[in-house]
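Asks: Take a look at this one; I'll ask things after.
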Amino acid sequence: MSAVLTAQPAFARPVDASAALTRTIEFARVALVIGLVFLHYFNLPGDHRPPFQGIDPEGPRLATFVNGFLTFFFFSAVPLLSAVSGWLFFGGGDRAGQGIGRKLRGRLKSLLLPLVLWNLATLALAILVQRVAPTIGFAQQFNIQVATADAWDYVNAVLGVTAVPIAFQFWFVRDLFVTVLCAPLIWLALRHAPIAGAVVLAAVWAAGFTLGIFIRTDVLFFFYLGALARRRGWDLGISAGATLSLLVAYAALTALRTLAPLVVDMADPATIAWLDVVTRLIRPLGVVACWGVCLQLAATGWGGQLARWGGFAFFLHAAHYPVIALVKEVLSRVMPATGEAWLLAHYGASVLVTLGIVAAAGVLVFRLSPAFYGVLAGGRRLA
């Protein structure tokens with residue numbers, strides 16, 4: 001952690017390194033989940049093109065560029081969070097494998113239990129809204145239609161066995177739990193064929209294979225890289241200069257990807273396929289760049305304040321959707337549509353209001369029952 005230890009006395013470095021790394025991880029958790037809130041804003045009002053395509057050549061170009069750019073930029077959030085999870089899971093050197101069973105049991109409470117509870121709550125909300133007010137836009141935001149759903153649809157809605165759960169952001173938690181179940185195999189690869197394991201998983205991830213058990217293999221691949229970094233003792237420090245260079249390069253590639261619809265045919269399936277591969281291959285650069293940014297910002301005063309909210313990250317991840325979908329709909333009715341400026345204002349306001357609502361809810365739940373908050377937040381507490 002050389003980047004965050006500048007000017008520290010030599011005898012203090014081991015302690016400071018551990019504290020600085022913990023602070024950076026807590027900061028990263030909160031900052032990256034806030035990034036996911038931006039990503040999950042999805043379409044601008046009146047624009048039916050998903051931001052995953054990039055700029056809309058025939059629509060509001062500035063607003064769709066900003067939306068698309070931030071969407072692609074924060075595609076690196078889940079991979080970086082996965083790498084952090086792998087790094088934490090396989091701590092302990094050669095003894096890391098001895099605690100896998102205990103850690104697996106712990107993940108039942110910190111991953112599987114909140115996944116079930118939050119999805120049950122979201123399913124109950126979907127049923128209520130679709131029966132009481134089925135014609136409003138908010139009722140269509142859920143990936144289940146209760147009028148036609150069968151028993152298996154409800155199982156998937158809660159557990160995400162073969163499809164994305166109803167609280168769709170929990171695909172990450174679902175895949176992380178499945179990855180943890182694969183921990184014994186990952187440990188064998190780390191001990192006996194670490195580089196070969198990374199190469200194989202990189203090929204699987206780049207090709208978009210799900211291996212039949214994952215929603216996406218982003219979590220598996222970057223979890224493995226984080227574990228490999230811990231196992232090999234890689235230096236996690238990135239200097240301010242290197243961070244700036246990485247960030248500029250990542251932002252430039254992200255901008256080019258966002259602008260791609262201006263020069264390529266987005267109606268061509270082959271074009272979409274290779275653009276998806278290009279988008280995926282940009283993410284490792286984004287992971288390193290975002291980690292460098294987290295290192296630099298976590299060392300600041302306000303970064304330390306944000307890091308204190310590390311125990312809020314899981315709760316925010318769990319609760320921000322469908323809150324942001326409802327906020328979008330309400331704001332669309334009360335804020336007049338007057339062009340690009342309105343669209344960008346609606347974008348920013350929707351995210352800020354969502355963050356405020358979820359933060360207030362989290363603090364309220366924690367004050368009423370820290371234990372219940374801990375269940376909902378994957379075992380975490382507010383500072």
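How things are named: the first chain in the structure tokens is A, the next is B, and so on; residues count from 1 in each chain; ligands count from 1 in the order shown.
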Sorted by chain and rising residue number, which residues of segment 29-75 of chain A lie within 8 Å of segment 272-291 of chain A, and what are their closest atom pairs and distances in Å to one decimal, counting only C-alpha atoms, as JSON lines?
Replies:
```
{"residue": "A:Phe72", "atom": "CA", "partner": "A:Thr279", "partner_atom": "CA", "distance": 7.7}
{"residue": "A:Phe73", "atom": "CA", "partner": "A:Gly286", "partner_atom": "CA", "distance": 7.3}
{"residue": "A:Phe75", "atom": "CA", "partner": "A:Arg283", "partner_atom": "CA", "distance": 6.9}
```
Asks: Which residues, written as a PyMOL selection string, have at least one atom at most 7 Å from Ala83 of chain A, with only C-alpha atoms counted and residues fewer than 3 positions away on the same chain left out?
Replies: chain A and resi 79-80+86-87+222-223+225-226
Asks: Write out as a ChimeraX atom specification all residues of segment 103-196 of chain A that DSSP puts in helix (DSSP H, G or I) for this structure's backbone.
Replies: /A:103-132,137-140,151-159,168-181,183-192,194-196
Asks: Would you work out the distance separating atom CA of Val116 of chain A from atom CA of Val204 of chain A, expressed in Å to one decimal?
Replies: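 Interatomic distance here is 28.4 Å.
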Asks: Can you list, as a list in words, every protein, DNA or RNA residue that comes within 10 Å of segment 185-194 of chain A when you count only C-alpha atoms, leaving out same-chain residues fewer than 5 positions away?
Replies: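 In the requested form, the answer reads Phe90, Asp94, Ala96, Gly97, Ile100, Thr179, Val180, Val199, Leu220, Phe223, Tyr224, Leu225, Ala227, Leu228, Arg231 and Arg232 of chain A.
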Asks: How about saving the chosen residues, C-alpha atoms kept, as a tab-separated table (two decimals), in the first residue's frame?
Replies:
```tsv
chain	number	residue	atom	x	y	z
A	90	PHE	CA	-8.70	-16.04	0.89
A	94	ASP	CA	-1.39	-21.27	3.37
A	96	ALA	CA	-6.69	-19.94	4.00
A	97	GLY	CA	-8.06	-23.27	2.81
A	100	ILE	CA	-13.38	-22.41	3.86
A	179	THR	CA	-18.73	-18.47	-6.40
A	180	VAL	CA	-18.20	-19.02	-2.69
A	199	VAL	CA	-6.13	-17.94	-18.01
A	220	LEU	CA	-16.19	-15.63	-10.61
A	223	PHE	CA	-13.13	-12.98	-7.38
A	224	TYR	CA	-10.40	-15.37	-8.54
A	225	LEU	CA	-8.11	-12.45	-9.47
A	227	ALA	CA	-7.83	-14.23	-4.40
A	228	LEU	CA	-4.76	-14.63	-6.62
A	231	ARG	CA	-2.21	-15.46	-2.45
A	232	ARG	CA	0.74	-13.98	-4.38
```
Asks: Within 7 Å of segment 31-41 of chain A, counting only C-alpha atoms, which residues qualify if same-chain residues fewer than 5 places away don't, as an MDAnalysis selection string?
Replies: chainID A and resid 70:71 74 77 313 317 320 324 351
Asks: If we count only C-alpha atoms, what is near Ala157 of chain A at a cut-off of 8 Å, once residues fewer than 2 positions away on the same chain are taken out, given as a list in words?
Replies: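 Near neighbours after the sequence-gap exclusion: Asn119, Leu123, Ile144, Asp153, Tyr154, Val155, Leu159, Gly160, Ala163, Val164, Pro165, Ile166 and Ala167 of chain A.
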Asks: Deliver the residues from the most recent selection as a file, using N, CA and C atoms, as a JSON list (two decimals), in the first residue's frame.
Replies:
```json
[["chain", "number", "residue", "atom", "x", "y", "z"],
["A", 119, "ASN", "N", -35.66, -10.18, -1.68],
["A", 119, "ASN", "CA", -36.46, -10.59, -2.84],
["A", 119, "ASN", "C", -37.90, -10.89, -2.47],
["A", 123, "LEU", "N", -40.93, -8.95, -4.10],
["A", 123, "LEU", "CA", -42.02, -9.72, -4.70],
["A", 123, "LEU", "C", -43.36, -9.30, -4.12],
["A", 144, "ILE", "N", -41.40, -9.77, -13.34],
["A", 144, "ILE", "CA", -42.40, -10.81, -13.17],
["A", 144, "ILE", "C", -43.77, -10.19, -13.35],
["A", 153, "ASP", "N", -41.59, -19.39, -11.67],
["A", 153, "ASP", "CA", -41.29, -17.96, -11.77],
["A", 153, "ASP", "C", -41.12, -17.36, -10.38],
["A", 154, "TYR", "N", -41.94, -17.80, -9.43],
["A", 154, "TYR", "CA", -41.83, -17.29, -8.07],
["A", 154, "TYR", "C", -40.55, -17.79, -7.39],
["A", 155, "VAL", "N", -40.17, -19.02, -7.66],
["A", 155, "VAL", "CA", -38.92, -19.55, -7.11],
["A", 155, "VAL", "C", -37.74, -18.74, -7.63],
["A", 159, "LEU", "N", -35.09, -16.74, -5.38],
["A", 159, "LEU", "CA", -33.76, -17.37, -5.26],
["A", 159, "LEU", "C", -32.87, -17.17, -6.47],
["A", 160, "GLY", "N", -33.43, -16.81, -7.62],
["A", 160, "GLY", "CA", -32.61, -16.63, -8.81],
["A", 160, "GLY", "C", -31.90, -17.90, -9.23],
["A", 163, "ALA", "N", -32.67, -17.77, -13.29],
["A", 163, "ALA", "CA", -32.92, -16.47, -13.88],
["A", 163, "ALA", "C", -32.61, -15.38, -12.87],
["A", 164, "VAL", "N", -32.57, -14.15, -13.34],
["A", 164, "VAL", "CA", -32.28, -13.03, -12.46],
["A", 164, "VAL", "C", -33.41, -12.88, -11.44],
["A", 165, "PRO", "N", -33.11, -12.71, -10.16],
["A", 165, "PRO", "CA", -34.18, -12.55, -9.16],
["A", 165, "PRO", "C", -34.95, -11.26, -9.36],
["A", 166, "ILE", "N", -36.09, -11.13, -8.68],
["A", 166, "ILE", "CA", -36.96, -9.98, -8.90],
["A", 166, "ILE", "C", -36.28, -8.67, -8.49],
["A", 167, "ALA", "N", -35.53, -8.68, -7.40],
["A", 167, "ALA", "CA", -34.66, -7.55, -7.08],
["A", 167, "ALA", "C", -33.38, -7.79, -7.88]]
```
Asks: Counting only C-alpha atoms, which of A:Ser82, A:Ala270, A:Pro261, A:Gly348 gets nearest to Phe221 of chain A?
Replies: A:Ser82
